[in-house]
Amino acid sequence: MIFKDISTDQETIYRLKENEQVVFFLFNRDGEITFELSGRGAAAHIFSFFIGKGTETKKLSIIQKHLAPDTTSSAVVKNVLFDASEYTYEGLVHITKDGKGSDASQECRTLLLSKDAKAFTKPALEILADDVRCRHAATVSPLNQESFFFAQSRGLSPEEARELLVGGFFRSSLQSLSTLVPSEDSEKMLSWLLQASV
Amino acid sequence: MASKKKNLAFNDYQYGFSMPEHSVHKTASGLSRAVVEEISQVKKEAPWMRDFRLRSFAIFEKKPMPSFGADLSGINFADITYYLKATDTQSQTWEDLPKEIKETYDRIGVPEAEKKFLAGVSAQYESEVVYESINRELDRLGVIFCDMDTAVKKYPELVKEYFGKLIPPQDNKFAALNSAVWSGGSFVYIPKGVKVALPLQAYFRINSEAFGQFERTLIIADEGSSVHYSEGCTAPVYRRASLHSAVVEIFVKKNAHVRYTTVQNWSKNIYNLVTKRARAEENAVMEWIDCNLGSHVTMKYPAVYLAGRGARGEVLSIAYAGAGQHQDAGAKMVHLASDTTSRVISKSISKDGGITSYRGLVHVASGAKNARASVVCDALLLDDISRSDTYPTMNIKEESAELTHEATVEKIGEEKLFYLQSRGIKKEDAEGMLVNGFIDPVAKEIPLEYSIELSRLISMEMKGSIG
């Protein structure tokens with residue numbers, strides 16, 4: 001499994017050949033990016049993180065194209081929106097007739113941390129082959145109020161409690177990233193992400 | 001052809017084959033201002049309705065076709081006859097019906113009298129006695145349940161207040177078309193606090209316009225009332241006309257509860273383009289239960305505008321697309337007030353090259369605090385020539401909103417199939433069982449007699465191609 005940080009890349013199409021397996025890391029990236037799985041056994045694992053602040057407005061579109069059999073793709077998109085930031089996610093999983101035996105997933109989760117933050121989510125699926133596994137999930141929500149309250153009842157300040165919960169929100173995905181690429185330390189990445197969110 | 005039909009119609013009239021109070025009338029095919037005026041004139045409508053139709057027609061001409069969804073290029077507006085007296089739209093004899101449809105009636109076990117009514121060969125549904133007693137009961141409660149044309153004449157003030165207010169003609173091209181040429185459909189008014197125990201069924205109303213081509217339905221459930229309205233039937237409904245475009249508006253007042261069940265099984269030559277919308281006030285509950293089995297193309301996205309605090313909206317839907325079919329269905333939940341909740345469950349099955357699409361919207365307006373929305377879409381793909389699409393849109397402009405969406409696409413589990421076969425069940429029966437299990441969470445919500453027929457229909461569709 002190869003690790004590629006494409007946060008500042010200009011490339012918009014990534015083609016994966018037979019048995020090529022890549023973990024893509026995106027931080028605060030926007031635009032339309034296509035991942036083409038063009039050879040049997042190719043796998044793309046996409047992890048995107050976004051921290052929105054001020055009046056920042058970003059739109060990310062991830063297209064997962066399965067053009068060959070037995071290909072795998074997964075997209076995990078996690079966003080935390082502060083202030084009056086706005087985030088739009090438009091995902092598409094497209095499995096062509098040649099994509100038999102494909103496994104595709106996309107997951108987009110957004111935390112709204114301010115009353116002026118806005119999230120627009122549109123994760124689409126287009127499936128033209130059978131014998132596939134395909135699922136997507138999307139959530140938009142504020143911090144879990146019970147957890148937030150509990151953390152404070154244990155002596156944390158509201159800011160600390162918030163940081164703890166935002167950390168947990170990112171941690172689960174970073175851990176699955178480092179399961180795929182053991183050389184990447186999830187805790188190191190997390191503290192880097194949290195710093196960016198301060 | 002048109003002139004020949006005209007002669008026939010004239011002859012019918014002359015020999016008194018049609019009922020005298022319903023003179024047979026048919027407009028020339030194609031749509032123009034004159035045709036719209038003619039429809040209004042034939043119906044002897046008040047000027048406000050005629051003006052509404054003409055205004056809508058002007059909007060229809062200006063509006064573009066929808067830029068999304070199914071392929072609608074097969075619709076030729078000039079070829080369609082926009083107003084036919086109902087007797088004219090139906091097959092005149094049982095023998096005229098296509099063979100597949102007759103067979104389907106037999107196989108799913110629709111009662112004889114109902115079969116004839118559905119096929120349009122029987123002028124009256126034969127349980128008239130039952131119908132009469134239901135009618136008396138409704139009268140006693142103060143419930144108004146009649147066809148839309150009658151309502152415009154008998155209750156103009158009530159109709160004027162609500163008609164076209166939720167789905168104005170400007171909404172989309174087909175809403176404008178319906179507003180210009182509508183005919184038939186139901187009008188229901190439930191007074192304050194009245195709970196109607198028995199489901200109101202469109203085909204209880206003994207007139208053949210129950211399933212009009214451009215039907216228009218308006219339901220008003222006043223404060224604290226409750227009603228279950230159901231339309232359609234599991235058995236295929238045969239119509240010669242190729243375009244069905246209905247508009248359904250529902251007003252659910254404070255603390256009221258409306259459930260609207262549709263089981264759509266139009267014959268496979270029909271474009272079914274329907275606009276359905278409900279507005280739910282404070283603590284009201286609106287439920288759409290929507291099963292789309294037939295038609296060539298369906299585009300239908302039942303919507304709930306959650307306008308009052310604590311309102312709840314639900315859409316439970318089943319879509320089945322076989323050869324040559326495209327079911328583009330979905331749901332729209334618009335959260336406009338605080339503490340509103342919504343739930344969408346969509347189950348779709350594609351087979352023999354059929355296409356099913358889920359197209360949905362969840363919108364949480366800024367200021368609608370503590371809104372909760374959940375959307376679950378499950379699709380079953382039964383072969384490699386079929387297609388399943390999911391296009392959910394979520395617009396969240398409120399921090400405290402909690403929204404979840406989940407979708408899966410899969411085929412029938414090999415292990416389950418193998419297990420059932422190992423217990424001596426034939427493959428096609430096992431597949432029917434698994435598909436019925438897949439739709440069960442929604443199917444159990446529809447009235448019993450429908451759900452039994454639905455289950456038989458699914459098993460039959462499975463056998464039809466595999467066996």
# chains A, B, ... in the order shown; residues from 1 in each chain; ligands from 1
>>> residues_around(residues="A:Leu193", least_positions_apart="2", cutoff="10 Å", atoms="only C-alpha atoms", output="list of chain:residue names")
A:Phe27, A:Phe49, A:Phe50, A:Ile51, A:Val166, A:Gly167, A:Phe170, A:Arg171, A:Glu187, A:Lys188, A:Met189, A:Leu190, A:Ser191, A:Gln195, A:Ala196, A:Ser197, A:Val198
>>> closest_atom_pairs(of="chain B", to="chain A", cutoff="7 Å", atoms="only C-alpha atoms", output="tab-separated table")
residue	atom	partner	partner_atom	distance
B:Leu381	CA	A:Asp130	CA	5.8
B:Leu382	CA	A:Asp130	CA	6.8
B:Asp383	CA	A:Asp130	CA	5.5
B:Asp384	CA	A:Asp130	CA	4.7
B:Ile385	CA	A:Ala129	CA	6.9
B:Ser386	CA	A:Leu128	CA	6.2
B:Arg387	CA	A:Leu128	CA	4.5
B:Ser388	CA	A:Ile127	CA	5.1
B:Asp389	CA	A:Glu126	CA	4.3
B:Thr390	CA	A:Leu125	CA	4.7
B:Tyr391	CA	A:Ala124	CA	4.4
B:Pro392	CA	A:Lys122	CA	5.5
B:Thr393	CA	A:Lys122	CA	4.4
B:Met394	CA	A:Thr121	CA	4.9
B:Asn395	CA	A:Phe120	CA	4.4
B:Ile396	CA	A:Ala119	CA	5.1
B:Lys397	CA	A:Lys118	CA	4.6
B:Glu398	CA	A:Lys115	CA	6.1
B:Glu399	CA	A:Lys115	CA	4.8
B:Ser400	CA	A:Pro142	CA	5.5
B:Ala401	CA	A:Ser141	CA	5.6
B:Glu402	CA	A:Ser141	CA	4.3
B:Leu403	CA	A:Val140	CA	5.0
B:Thr404	CA	A:Thr139	CA	4.3
B:His405	CA	A:Ala138	CA	4.8
B:Glu406	CA	A:Ala137	CA	4.2
B:Ala407	CA	A:His136	CA	5.2
B:Thr408	CA	A:Arg135	CA	4.1
B:Val409	CA	A:Cys134	CA	5.1
B:Glu410	CA	A:Arg133	CA	5.5
B:Lys411	CA	A:Asp131	CA	5.9
